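Take a look at the structure set out below.
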Amino acid sequence: MTRSKILIPASASIAAVVILLAGAAYLFNLPPFSTKRGEIKAGSVCDSLGSASQTVKALQKILPDEPSYSFDDDVNIRVDDSDDSYRSDCFVAGDNRQLLSARTEMMRAEPAKEWVSSEVREKDAAAQSLTSFAAGYAGVASSNVAAVFVPCTTEGQVPGGPYNLSVIIELKQHREASEGKLREGLIELAKNAAAFAHQKARCDQPSKVTQ
């Protein structure tokens, strides 16, 4: 028997290697397939997130690279001092997917533990990962959510008792960063949003939020 050898041209071997490398670059989001990050402009971010410059810095820490970012903000102001309907919703999107949401709403004051259980716990993807931080009546955060319960109105101002502001920032998609870095950015956003809401809601109690 005579064995025949199949010779593969060197150019074909090189082409195969190039194809494999290109596939790996695309798969792992490496240049030239990596996403060029769009600019997060101070003039575009949601007003309800508070200080624009501080908001931009916090968002840059936690949001994934996207070619562009869009912001949708809706703020419902109280019509008078007896009104309890203050509410705001901010949504941040990039590449047709939601990246972050921020909601603030006025609600009756309740023990911090009950507030965390009813309003925050379900938004924490990693169960039991919430830890407290100093802000308002209560502040808790993880690497995907940060929330602050801020004192707002005293007894007798609004029917039903004293009212607080519940501020919850939820991170849907994040950049490659440590859990500590993500938590830090979320806390900054929560404090900024709490300070904005406390002023816009015309609260008569100290916010107890330092920035």
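Residues are referred to by chain and number: the chain letter is A, B, ... according to the order shown in the structure tokens, the number counts from 1 in that chain, and ligands are numbered separately from 1 in the order shown.
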Q: Show which residues sit within 8 Å of Ala134 in chain A, as a VMD selection string. Count only C-alpha atoms, and ignore same-chain residues fewer than 4 positions away.
A: chain A and resid 138 to 139 209
Q: Excluding range 106-118 of chain A and residues on its chain fewer than 2 positions from it, collect all residues at most 9 Å away from it, counting only C-alpha atoms, and give them as a count of residues only.
A: 25
Q: For CA of Ala146 in chain A and CA of Tyr69 in chain A, determine how far apart the two atoms are, in Å to one decimal place.
A: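 Taking CA of Ala146 in chain A as the start and CA of Tyr69 in chain A as the end point, the length is 21.0 Å.
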Q) Skipping near chain neighbours, those fewer than 2 positions away, what residues fall within 8 Å of Gly43 in chain A using only C-alpha atoms, listed as a ChimeraX atom specification? A) /A:41,45,52
What does the file look like for those residues with N, CA, C and O atoms, as a PDB file, in the first residue's frame?
```pdb
ATOM      1  N   LYS A  41     -23.288  62.025  29.968  1.00  0.00           N
ATOM      2  CA  LYS A  41     -23.255  63.480  30.079  1.00  0.00           C
ATOM      3  C   LYS A  41     -24.069  63.971  31.270  1.00  0.00           C
ATOM      4  O   LYS A  41     -25.169  63.488  31.524  1.00  0.00           O
ATOM      5  N   VAL A  45     -28.385  62.998  32.552  1.00  0.00           N
ATOM      6  CA  VAL A  45     -28.774  62.100  33.637  1.00  0.00           C
ATOM      7  C   VAL A  45     -30.084  62.570  34.285  1.00  0.00           C
ATOM      8  O   VAL A  45     -30.461  63.736  34.174  1.00  0.00           O
ATOM      9  N   ALA A  52     -25.779  66.268  39.390  1.00  0.00           N
ATOM     10  CA  ALA A  52     -25.416  65.651  38.110  1.00  0.00           C
ATOM     11  C   ALA A  52     -23.963  65.199  38.074  1.00  0.00           C
ATOM     12  O   ALA A  52     -23.650  64.107  37.599  1.00  0.00           O
TER      13      ALA A  52
END
```
Q: Quick one: pick out all strand (DSSP E or B) residues within range 36-185 of chain A from a backbone DSSP run and write them as a ChimeraX atom specification.
A: /A:70-76,87-94,97-108,131-132,138-141,145-153,155,158,163-171
Q. Which of range 31-205 of chain A counts as alpha helix (DSSP H) under DSSP, as a ChimeraX atom specification please?
A. /A:52-62,112-115,179-200
Q.
Set the distance at 7 Å and use only C-alpha atoms: which residues neighbour Lys61 in chain A once local chain neighbours fewer than 4 positions away are removed? I'd like the list as a ChimeraX atom specification.
A. /A:57,182,185
Keeping only all heavy atoms, write those residues as a JSON list (two decimals), in the first residue's frame.
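Output file part_37.json is given in full below:
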```json
[["chain", "number", "residue", "atom", "x", "y", "z"],
["A", 57, "LYS", "N", -20.14, 60.47, 38.08],
["A", 57, "LYS", "CA", -19.00, 59.74, 38.66],
["A", 57, "LYS", "C", -19.43, 58.38, 39.20],
["A", 57, "LYS", "O", -18.74, 57.37, 39.02],
["A", 57, "LYS", "CB", -18.36, 60.56, 39.77],
["A", 57, "LYS", "CG", -17.64, 61.80, 39.28],
["A", 57, "LYS", "CD", -17.06, 62.61, 40.45],
["A", 57, "LYS", "CE", -16.38, 63.88, 39.97],
["A", 57, "LYS", "NZ", -15.85, 64.69, 41.10],
["A", 182, "LEU", "N", -18.89, 48.21, 43.36],
["A", 182, "LEU", "CA", -20.27, 48.35, 42.92],
["A", 182, "LEU", "C", -21.15, 48.87, 44.05],
["A", 182, "LEU", "O", -21.99, 49.76, 43.86],
["A", 182, "LEU", "CB", -20.80, 47.01, 42.41],
["A", 182, "LEU", "CG", -20.12, 46.43, 41.17],
["A", 182, "LEU", "CD1", -20.65, 45.04, 40.87],
["A", 182, "LEU", "CD2", -20.34, 47.34, 39.95],
["A", 185, "GLY", "N", -20.57, 52.63, 44.60],
["A", 185, "GLY", "CA", -21.23, 53.47, 43.60],
["A", 185, "GLY", "C", -22.73, 53.55, 43.82],
["A", 185, "GLY", "O", -23.34, 54.62, 43.66]]
```
Q.
Set the distance at 10 Å and use only C-alpha atoms: which residues neighbour Gln98 in chain A once local chain neighbours fewer than 4 positions away are removed? I'd like the list as a PyMOL selection string.
A. chain A and resi 69-71+91-94+171-173
Q) From the set A:Ile169, A:Ala135, A:Leu49, A:Cys203, which residue has the shortest atom-to-atom contact distance to Lys123 in chain A, counting only C-alpha atoms? A) A:Ile169
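Closest approach to Thr153 in chain A from the set A:Val79, A:Asp204, A:Gln211, A:Leu63 is made by A:Asp204, with distances taken over only C-alpha atoms.
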Q: Just give me the gap between CA of Asp74 in chain A and CA of Ser88 in chain A in Å, one decimal is fine.
A: 5.5 Å
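The space separating CA of Ser68 in chain A from CA of Leu100 in chain A comes to 14.0 Å.
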